[in-house]
Structures are given as structure tokens and as C-alpha cells.
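Q: Before I ask anything, here is the structure I am working with.
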Amino acid sequence: MRAAIFRDGEITVDTLPEPEPGAGQVLVRTLACGICGSDLHARRHAHRMVELARHFPGRKPMDLPRDVVFGHEFCCEVLDYGPDTARKLKPGTKVCSIPALLTAGGPQNIGYSNDNVGGYAERMLLSEALLLEVPNGLAAEHAALTEPLAVGVHAVAKANIRGDEVPLVIGCGPVGLAVIAALRLKGLRPVIAADYSPARRALALALGADVVVDPAAQQPYATWAEHAAMSAEQKAARPPLQAMLPALKPALIFECVGIPGLLQQVFEGAARDARIVVVGVCMETDRFEPMLGIMKELNVQYVLGYTPDEFASSLRLIAEGQVDAAALVTATVGIDGVAGAFADLANPERHTKIIVEPWR
């Protein structure tokens, strides 16, 4: 079968042996697979990913001299079953799955593995126990966005929202947009979002942001403060010592960029007692001033991935039209177009989410 392969630091097209389903596994045809920002990071920082894996005993890192097939945001079609399967879904059924393979030795990653082929291949293996049937005739390219939406849903869940916060989303790429959509579903308003890209600011409004900010023209934290001002009644109800502080509602900041220096900027701009949720994945060593966090009593929550229930819920949200997944898709490519798509995604004005359709 054909696949776009990460080999020697580049994305190249070649053929691989056909996968054969083992016990509890299903052979599927990849219908659509989103290119994730993590895939772009992995191509550039693969050695760093391998190095950091040493902190997680039991996690098998990529062996970079060997081939890897990326792709963990996928929708597939059932083709055949391996032994010890219930075969509840008929061949031809569209399915999604958490990007993991259940094995006797424990769960294994799909997408950053030498052993388990990801969605940039024509066919792959999934675990029957993790399959979710795609409902409502949802298009495969939209069902494939279940995974990135689940990241945003999880980030908002980990924020432990009380209901009185004013959120600020820094970065309106696919992850930031997923966070905005999840905040809208929670009913937390107003949502302020900041990004340098006009195209992404427009998408932020489409996904549920109330106010968008161009950091080149406006200070995001100043704009946030304008919309976070307490009412006269809220000011009057504050205890005496709190009355000495700026009369602002609680800040809930989502860092969705993941580049060095960004967290320091958040520390500098955040209001006192802000809760900061770090969703962006910074692949490089970073530095920030802890004293800023101490003096402002900031609360920082790092997040990763999602739960199985959040993944399933995200698929339902898209299928029921509660999240406009179609707005995120800016292009589709076949296997031969993956390398070019990686380059194109560097320009936020051109693309937000490119979907790989290996059957093309």
C-alpha cells in the first residue's frame, strides 16, 4: 500500500507491506486524516520527542532511523476483522477511534510509532474495542476533526470553569479554535481571542468568539480587561482588602500557540489570580520568571489529549451540527500532496486544516 512516510527527516511517498489484523483488531481503509500541528512539530523536533520519552518509562519512543507514518486525526472505513473480534460493524461502515492500539503489552500509540501505521497511509489497523461508528451520515473529512475538537473540549474541562470567568484565548489555530468552540458550548461569555492572522480571527468569530484582537494593533490583555470590568454591584460586594485591587472578573487564559517566550508573555499580561491553561505544545526548552507567577498568584494547568468520553462526545457534537467543523477545512490532498501541505501550513493566511485523503 502507499503511504506518506517520515523518513530521514523528510516526508516521502513509498509503499509499505499490507497490514494484517491481529487478535481484537480491524483492518480499515483511511478515508480522511487531518494534518495536526503536532505532526509539523514532530517533523521538526523528532529528536527532542525521542529525548523526552526517557521521562516516561514504558512509553516506546520512535526509532528515527526507521520509517514512521504520521496521522492521528482520522476517519476510516471497516474492511475486515482479525481473530477474536465481535464483528458488530459491517464492512463499509465509517468509524473513528482514539489513536491507540490495544495490545497484550498495553496501549500503543498510532501516528508516532514505527510499528503502528497512522492515517497518512491507505490502510491501517485499529482496535475493535475503540471503534466509534460515525453517525448521521457525517462526511469523513468532518468526522476526522473529532480528535482536534476533543483536545479543545478536554482543555476547557480541565479549566474547572465556575461560570464567572472571562476567557482569553491566545492563538486561533485549530487547537485555539477548538477551545473557542468548547467555551461557546459551555455558555461562557464573552470569549476574547487573539491572533495575528486575519483569516484565523475570522474563523474565531465563526466558531464562537465574541471579540477578536490583532496583537499587532491592540494589547490582548488590555482588551480583555475592558470586557472583564466588574459591575458596580460586584465592586461594592468585594471585601475591603480586595477593593484595593483592579475591579476585574476572574481571568481564564488559554495558551494555544506553544512557542518559546509565549508563556512568559502570558505571565506578564495576566491579571492577578488568573488561571492559565497551557494547550499549545512547546517542543523547545523555554524560560519564564517564576516571581511573576508568585506575585500574581497565578494558577497554571497543563493539558494533554482527552478522555474516551470527551472523544465520543466531540464526534456527536460535530455530527449534530453543534460545531461547524466544515469551517476549519481549507484544503484536501492525496498522499502525494502531504509534503507540500506541511509547507503550506506554515502560512496561516492560506490554510487552517488540511485533510489527507489517501485514496485519491
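Ordering of the C-alpha cells sets the chain letters (A, B, ...); residue numbers start at 1 within each chain; ligands are numbered from 1 in the order shown.
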What are the DSSP helix (DSSP H, G or I) residues of region 179-299 of chain A, as JSON, numbers by chain?
A: {"A": [179, 180, 181, 182, 183, 184, 185, 186, 198, 199, 200, 201, 202, 203, 204, 205, 206, 207, 220, 221, 222, 223, 224, 225, 226, 227, 232, 233, 234, 235, 236, 242, 243, 244, 262, 263, 264, 265, 266, 267, 268, 269, 290, 291, 292, 293, 294, 295, 296]}
Q: Mind dumping a table of every region 177-225 of chain A residue within 10 Å of region 255-279 of chain A, with the nearest atom pair and its distance in Å to one decimal, using only C-alpha atoms, sorted by chain and rising number, as JSON lines?
A:
```
{"residue": "A:Leu177", "atom": "CA", "partner": "A:Cys256", "partner_atom": "CA", "distance": 9.1}
{"residue": "A:Ala178", "atom": "CA", "partner": "A:Cys256", "partner_atom": "CA", "distance": 9.9}
{"residue": "A:Val179", "atom": "CA", "partner": "A:Cys256", "partner_atom": "CA", "distance": 8.6}
{"residue": "A:Asp195", "atom": "CA", "partner": "A:Val257", "partner_atom": "CA", "distance": 9.5}
{"residue": "A:Gln219", "atom": "CA", "partner": "A:Gly269", "partner_atom": "CA", "distance": 8.9}
{"residue": "A:Pro220", "atom": "CA", "partner": "A:Gly269", "partner_atom": "CA", "distance": 8.3}
{"residue": "A:Tyr221", "atom": "CA", "partner": "A:Gly269", "partner_atom": "CA", "distance": 5.8}
{"residue": "A:Ala222", "atom": "CA", "partner": "A:Gly269", "partner_atom": "CA", "distance": 8.4}
{"residue": "A:Trp224", "atom": "CA", "partner": "A:Ala270", "partner_atom": "CA", "distance": 9.6}
{"residue": "A:Ala225", "atom": "CA", "partner": "A:Ala271", "partner_atom": "CA", "distance": 8.4}
```
Q: Save the residues we just selected, C-alpha atoms, as a PDB file, in the first residue's frame?
A:
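This is the output file out_3.pdb:
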```
ATOM      1  CA  LEU A 177     -10.490  27.310  17.564  1.00  0.00           C
ATOM      2  CA  ALA A 178     -11.455  24.037  19.253  1.00  0.00           C
ATOM      3  CA  VAL A 179     -11.116  25.735  22.645  1.00  0.00           C
ATOM      4  CA  ASP A 195      -4.233  36.038  16.716  1.00  0.00           C
ATOM      5  CA  GLN A 219      -2.856  44.618  23.580  1.00  0.00           C
ATOM      6  CA  PRO A 220      -4.891  41.418  24.169  1.00  0.00           C
ATOM      7  CA  TYR A 221      -4.766  41.756  27.943  1.00  0.00           C
ATOM      8  CA  ALA A 222      -5.939  45.372  27.830  1.00  0.00           C
ATOM      9  CA  TRP A 224      -9.621  41.501  27.980  1.00  0.00           C
ATOM     10  CA  ALA A 225      -9.656  43.959  30.928  1.00  0.00           C
TER      11      ALA A 225
END
```
Q: Show which residues sit within 9 Å of Arg201 (chain A), as a PyMOL selection string. Count only C-alpha atoms, and ignore same-chain residues fewer than 6 positions away.
A: chain A and resi 172+193-195+209+212-214
Q: Hey, can you spit out that residue selection with all heavy atoms as an mmCIF file, in the first residue's frame?
A:
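Result file again_1.cif:
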```
data_model
loop_
_atom_site.group_PDB
_atom_site.id
_atom_site.type_symbol
_atom_site.label_atom_id
_atom_site.label_comp_id
_atom_site.auth_asym_id
_atom_site.auth_seq_id
_atom_site.Cartn_x
_atom_site.Cartn_y
_atom_site.Cartn_z
ATOM 1 N N CYS A 172 -5.305 31.282 17.484
ATOM 2 C CA CYS A 172 -6.537 30.775 16.872
ATOM 3 C C CYS A 172 -6.245 29.801 15.738
ATOM 4 O O CYS A 172 -6.902 29.821 14.690
ATOM 5 C CB CYS A 172 -7.400 31.932 16.378
ATOM 6 S SG CYS A 172 -7.919 33.058 17.695
ATOM 7 N N ALA A 193 -10.507 36.437 21.840
ATOM 8 C CA ALA A 193 -9.497 35.617 21.164
ATOM 9 C C ALA A 193 -8.500 36.515 20.454
ATOM 10 O O ALA A 193 -8.867 37.567 19.915
ATOM 11 C CB ALA A 193 -10.158 34.675 20.164
ATOM 12 N N ALA A 194 -7.235 36.116 20.459
ATOM 13 C CA ALA A 194 -6.173 36.924 19.863
ATOM 14 C C ALA A 194 -5.351 36.100 18.885
ATOM 15 O O ALA A 194 -4.950 34.972 19.194
ATOM 16 C CB ALA A 194 -5.257 37.487 20.959
ATOM 17 N N ASP A 195 -5.102 36.661 17.710
ATOM 18 C CA ASP A 195 -4.233 36.038 16.716
ATOM 19 C C ASP A 195 -3.807 37.110 15.720
ATOM 20 O O ASP A 195 -4.572 38.029 15.409
ATOM 21 C CB ASP A 195 -4.965 34.908 15.986
ATOM 22 C CG ASP A 195 -4.002 33.937 15.318
ATOM 23 O OD1 ASP A 195 -3.345 34.326 14.332
ATOM 24 O OD2 ASP A 195 -3.901 32.790 15.785
ATOM 25 N N ALA A 209 -16.186 33.075 19.106
ATOM 26 C CA ALA A 209 -15.566 34.184 19.841
ATOM 27 C C ALA A 209 -16.458 35.417 19.738
ATOM 28 O O ALA A 209 -17.105 35.659 18.718
ATOM 29 C CB ALA A 209 -14.179 34.483 19.297
ATOM 30 N N VAL A 212 -12.425 39.651 18.850
ATOM 31 C CA VAL A 212 -11.123 39.197 18.350
ATOM 32 C C VAL A 212 -10.143 40.364 18.383
ATOM 33 O O VAL A 212 -10.530 41.513 18.170
ATOM 34 C CB VAL A 212 -11.223 38.603 16.932
ATOM 35 C CG1 VAL A 212 -12.036 37.319 16.943
ATOM 36 C CG2 VAL A 212 -11.805 39.599 15.954
ATOM 37 N N VAL A 213 -8.886 40.030 18.624
ATOM 38 C CA VAL A 213 -7.849 41.035 18.803
ATOM 39 C C VAL A 213 -6.671 40.717 17.901
ATOM 40 O O VAL A 213 -6.219 39.565 17.841
ATOM 41 C CB VAL A 213 -7.364 41.075 20.275
ATOM 42 C CG1 VAL A 213 -6.305 42.151 20.467
ATOM 43 C CG2 VAL A 213 -8.536 41.287 21.225
ATOM 44 N N ASP A 214 -6.183 41.733 17.215
ATOM 45 C CA ASP A 214 -4.926 41.639 16.470
ATOM 46 C C ASP A 214 -3.826 42.152 17.389
ATOM 47 O O ASP A 214 -3.757 43.350 17.666
ATOM 48 C CB ASP A 214 -4.998 42.492 15.208
ATOM 49 C CG ASP A 214 -3.688 42.481 14.417
ATOM 50 O OD1 ASP A 214 -2.727 41.799 14.838
ATOM 51 O OD2 ASP A 214 -3.626 43.166 13.381
#
```
Q: Within 12 Å of Ala326 (chain A), counting only C-alpha atoms, which residues show up once you throw out same-chain ones fewer than 6 positions away? Write them as a list in words, please.
A: Leu138, Ala139, Ala140, Glu141, His142, Ala143, Ala144, Leu145, Thr146, Leu203, Ala206, Leu207, Ile318, Ala319, Thr332, Thr352, Lys353, Ile354 and Ile355 of chain A
Q: I need the residues of region 23-255 of chain A that end up classed as strand (DSSP E) by DSSP on the backbone, written out as a PyMOL selection string.
A: chain A and resi 25-34+73-81+94-96+100-103+106-109+123-127+132-133+166-170+192-194+211-213+251-255
Q: What are the closest atom pairs, with distances in Å to one decimal, for each residue of region 11-61 of chain A lying within 12 Å of region 284-297 of chain A, using only C-alpha atoms, rows by chain and rising residue number, as a Markdown table?
A:
```
| residue | atom | partner | partner_atom | distance |
| --- | --- | --- | --- | --- |
| A:His41 | CA | A:Glu284 | CA | 10.0 |
| A:Ala42 | CA | A:Glu284 | CA | 11.6 |
| A:Arg44 | CA | A:Glu284 | CA | 10.7 |
| A:His45 | CA | A:Glu284 | CA | 8.2 |
| A:Ala46 | CA | A:Glu284 | CA | 11.2 |
| A:His47 | CA | A:Glu284 | CA | 11.0 |
| A:Arg48 | CA | A:Glu284 | CA | 7.8 |
| A:Met49 | CA | A:Glu284 | CA | 9.8 |
| A:Glu51 | CA | A:Glu284 | CA | 11.5 |
| A:Leu52 | CA | A:Glu284 | CA | 10.6 |
```
